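Accompanying notes for the structure given below.
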Amino acid sequence: MPEALKMPEPELIDHAGLDYAVYLRIYLMGLKIFVPITFLALAILVPVNYTNNALEVVKMVANVTASDIDKLSISNIPLKSQRFWTHIVMAYAFTFWTCYVLLREYEKVASMRLQFLSLERRRLDQFTVLVRNVPPDPDETVSELLEHFFLVNHPDHYLTHQVVCNANKLASLVKKKKKKQNWLDYYQLKYSRNQSQRPQMKTGFLGHFGGKVDAIDHHISEIEELSKEIEEERTRVLKDPKSIMPAAFVSFKTRWGAAVCAQTQQSRNPTLWLTEWAPEPRDVYWQNLAIPYMSLKVRRLIIGVAFLLLTFFFIIPIASVQALASIEGIEKRAPFLKSVIEIKFIKSVIQGFLPGIVLKLFLIFLPTILMIMSKFEGFISLSSLERRSATRNYIFLVINVFLGSILTGAAFEQLNSFIKQSANEIPKTIGVAVPMKATFFITYIMVDGWAGIAGEVLMLKPLIFYHLKNFLLVKTEKDREEAMDPGSLGFHTGEPRIQLYFLLGLVYATVTPVLLPFIVIFFAFAYLVFRHQIINVYNHEYESGAAFWPDVHGRIITGLVISQLALMGLLSTKEAAQSTPFLIALPVLTIWFHRFCNGRHKSAFVKYPLQEAMMKDTLERARDPNFNLKACLHSAYVHPIFKGDDDDEDDLSVEMETESVLVPTKRQSQRNTPVPSKISGGYSPSLPEAVKNGEL
């Protein structure tokens, strides 16, 4: 752990890539925002809240459930109090400080991205554009039409192109053959160790039913049949015009030419010849390139409706979870359980950790479901799949974990008061009850945040899965290596969780400041742990150049606006009619600030400046005028399935350039992964010497 902290950021970028380095900056930004806010809130707001007795009065009158922590919150301030001015001033101070940190970080990350792209060795995606919705032509093939179009419209910069084909069936056959080959290797190894009896197997369901056959002969015959099918399917894909999609990866001689093509409209008809920057080869999600472009809108509409239903129907289990969040609340509605619940150990477990654990269990399969949805929508890169899944994950957490926990929990706790009070008193009761969910969120932070980070150090989940795979699936040494693979960090699962803690910290900073130290400890602990994991454990599957940062910025702004609206609603129930209107300006100013930041810096994450492209091209022409770019691009964007069975990891590996290591690590640099991505099959984005010389 200490060694991981010693690595400077430039070396971290060289070692793990810009994506991971900027991901760590999210934790640092959390510390920059919440450490000053925590000191200010504890020094000013906690004394202001504690030196009142409003909750004692309300408990006697309305029989409202409350805890000692609630006495440190805004709920302990009486109605129409002048002390609410303190919370309003603090809300402005917290908002301005958060916006200042966000602006500085946006500027820094945008600068880091441009510097990374300018200093990076040749990246194939900087010369390549993805062209979609190529119009049909009865007299020319898609390949001929593409060549003619770009020779006419980009005569000085067009270099080559690679047509996209639908090879999904072929890929599934190859995958099936590899599984059969793996079983064959296993049985041959088993037979070599004991040649007294040839291994037998059953041909029925899951290998447990049907007649017995010789396992080696059976798998050899199946592999031969699959090889014939694969060859027939390969021939069909290459020759059948219906297998050729109206899309292609078009490469240019210069970055400048690629930037002009990717960032301009190519045709009078804005729905034809659509261009966008190509993902790097490792980042391509090949299965979705076979989806017709015109069906993407329909797919995204279907998934949008499905996600809406998933989000709101999940409120039901959330409400049942919140029934466990308050022992006192359960005892009021179910007094026959009182004798069991009052046992000290059971009471502490149920009230302290069970609600958070159950809620965490409900959310285990959520990232997988959302990733399946994103794949169905048709995104063509792993980075865009993860960004879309992260966005949906964040929306889900805000609605179900945050709003769902507050609303359902508050309603359950105050059920008795709602029944007995008149209708005009109910909003006041809700205003008092909402801050009381701080206790639940503190336990949630400890269960999900603190314990989750501790589990990250122990790597319990990968360890358990490894032993399960080793027991059930591993048959060869190659299987064992794959089972031990730690995988990548998982942006779509980790980043939304960070954003939930940003939201909780911003909402409760003025409402219940005692929650803030738990947030600060989470960010500090997580930064230390994930810096170590990124350097020494996780693989780097692709590099997007921190393209996710505008999403990170937008989600923090969303949390800031939610916190302001929540404070406005809370103060309105406190009859602070004179002070509440002064909060109206805050959401307006925050949204204006967000638009200003995007207008100032977002283009750096979606466009490549022509000036930078020209400078980079000019420098490279001067340094290496005889460089053969076409040889490097020859097979970079070919579907992995057409690179042959011999293009294994060992054959595709290229010699890594020597790095000047300042801090020793437990693994080599994964920034330029020497093997293709397991998902995309693409090469590393940079061009090592073997590729530069056209040896690949």
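How things are named: the first chain in the structure tokens is A, the next is B, and so on; residues count from 1 in each chain; ligands count from 1 in the order shown.
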Exercise for review: Name all residues at most 6 Å from range 549-563 of chain A (count only C-alpha atoms; drop same-chain ones fewer than 2 positions away) and give them as a list in words.
Suggested key: Leu503, Leu506, Val507, Ala546, Ala547, Leu565, Ala566 and Pro587 of chain A
Practice item. Might you pull out every residue within 8 Å of Phe491 in chain A, with only C-alpha atoms counted and same-chain residues fewer than 3 positions away left off, and present them as a ChimeraX atom specification? Key: /A:386-387,390,494-495
Practice item. Name the residues in contact with Ile303 in chain A at a cut-off of 7 Å, using only C-alpha atoms, excluding same-chain residues fewer than 3 positions from it; report them as a list in words. Key: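 After dropping sequence-adjacent residues, the list is Arg299, Arg300, Ala306, Phe307, Met373 and Glu377 of chain A.
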Just N, CA, C and O atoms for this one: save the residues we selected as a compact mmCIF listing (two decimals), in the first residue's frame.
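Below is the file that was written, part12.txt:
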```txt
# COMPACT_ATOMS: atom_id res chain seq x y z
N ARG A 299 -34.64 0.04 -30.62
CA ARG A 299 -34.04 -0.70 -29.52
C ARG A 299 -33.91 0.17 -28.27
O ARG A 299 -34.21 -0.26 -27.15
N ARG A 300 -33.47 1.40 -28.45
CA ARG A 300 -33.27 2.29 -27.29
C ARG A 300 -34.60 2.72 -26.68
O ARG A 300 -34.68 2.93 -25.47
N ALA A 306 -38.31 -0.39 -20.63
CA ALA A 306 -37.99 -1.50 -19.71
C ALA A 306 -37.27 -0.99 -18.47
O ALA A 306 -37.54 -1.44 -17.35
N PHE A 307 -36.34 -0.05 -18.66
CA PHE A 307 -35.61 0.50 -17.51
C PHE A 307 -36.54 1.29 -16.59
O PHE A 307 -36.41 1.23 -15.36
N MET A 373 -28.90 -4.64 -20.91
CA MET A 373 -29.73 -3.64 -21.56
C MET A 373 -28.91 -2.76 -22.50
O MET A 373 -29.33 -2.45 -23.63
N GLU A 377 -29.08 -2.19 -26.70
CA GLU A 377 -29.26 -0.89 -27.35
C GLU A 377 -28.36 -0.70 -28.55
O GLU A 377 -28.65 0.14 -29.40
```
Check your understanding: Which residues come within 8 Å of Ala247 in chain A, counting only C-alpha atoms, excluding same-chain residues fewer than 5 positions away, as a PyMOL selection string?
Key -> chain A and resi 130-134+163-164
Any chance you could export the current selection's N, CA and C atoms as a PDB file, in the first residue's frame?
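As a result, result.pdb now contains:
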```pdb
ATOM      1  N   LEU A 130     -15.321   5.564 -37.996  1.00  0.00           N
ATOM      2  CA  LEU A 130     -16.374   4.582 -38.259  1.00  0.00           C
ATOM      3  C   LEU A 130     -17.460   5.245 -39.097  1.00  0.00           C
ATOM      4  N   VAL A 131     -17.716   4.689 -40.273  1.00  0.00           N
ATOM      5  CA  VAL A 131     -18.740   5.200 -41.190  1.00  0.00           C
ATOM      6  C   VAL A 131     -19.923   4.242 -41.166  1.00  0.00           C
ATOM      7  N   ARG A 132     -21.136   4.783 -40.948  1.00  0.00           N
ATOM      8  CA  ARG A 132     -22.326   3.947 -40.861  1.00  0.00           C
ATOM      9  C   ARG A 132     -23.412   4.466 -41.793  1.00  0.00           C
ATOM     10  N   ASN A 133     -24.362   3.586 -42.043  1.00  0.00           N
ATOM     11  CA  ASN A 133     -25.495   3.905 -42.913  1.00  0.00           C
ATOM     12  C   ASN A 133     -25.038   4.291 -44.323  1.00  0.00           C
ATOM     13  N   VAL A 134     -24.163   3.463 -44.876  1.00  0.00           N
ATOM     14  CA  VAL A 134     -23.726   3.656 -46.261  1.00  0.00           C
ATOM     15  C   VAL A 134     -24.904   3.321 -47.176  1.00  0.00           C
ATOM     16  N   VAL A 163     -14.415  -3.095 -44.378  1.00  0.00           N
ATOM     17  CA  VAL A 163     -15.863  -3.229 -44.317  1.00  0.00           C
ATOM     18  C   VAL A 163     -16.252  -4.101 -43.120  1.00  0.00           C
ATOM     19  N   VAL A 164     -17.357  -3.742 -42.485  1.00  0.00           N
ATOM     20  CA  VAL A 164     -17.881  -4.510 -41.358  1.00  0.00           C
ATOM     21  C   VAL A 164     -18.791  -5.616 -41.876  1.00  0.00           C
TER      22      VAL A 164
END
```
Nearby residues (only C-alpha atoms) at most 8 Å from Ala509 in chain A, same-chain spacing under 6 positions excluded, as a tab-separated table (two decimals) with N, CA, C and O atoms, in the first residue's frame:
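This went into result-v6.tsv:
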```
chain	number	residue	atom	x	y	z
A	37	ILE	N	-15.79	21.01	3.81
A	37	ILE	CA	-17.21	21.08	4.16
A	37	ILE	C	-17.45	20.43	5.53
A	37	ILE	O	-18.23	20.93	6.35
A	38	THR	N	-16.79	19.30	5.77
A	38	THR	CA	-16.97	18.60	7.05
A	38	THR	C	-16.52	19.46	8.23
A	38	THR	O	-17.23	19.59	9.23
A	41	ALA	N	-19.03	22.35	8.63
A	41	ALA	CA	-20.34	21.92	9.12
A	41	ALA	C	-20.28	21.50	10.58
A	41	ALA	O	-21.17	21.85	11.37
A	515	LEU	N	-23.10	12.95	9.37
A	515	LEU	CA	-22.86	11.92	8.37
A	515	LEU	C	-21.57	12.16	7.58
A	515	LEU	O	-20.98	11.23	7.05
A	516	LEU	N	-21.11	13.40	7.52
A	516	LEU	CA	-19.98	13.76	6.66
A	516	LEU	C	-18.68	13.03	6.99
A	516	LEU	O	-17.94	12.64	6.08
```
Exercise for review: Could you jot down the CA of Tyr538 in chain A to CA of Gly487 in chain A separation for me, Å, one decimal place?
Suggested key: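 Computed distance, CA of Tyr538 in chain A to CA of Gly487 in chain A, equals 5.9 Å.
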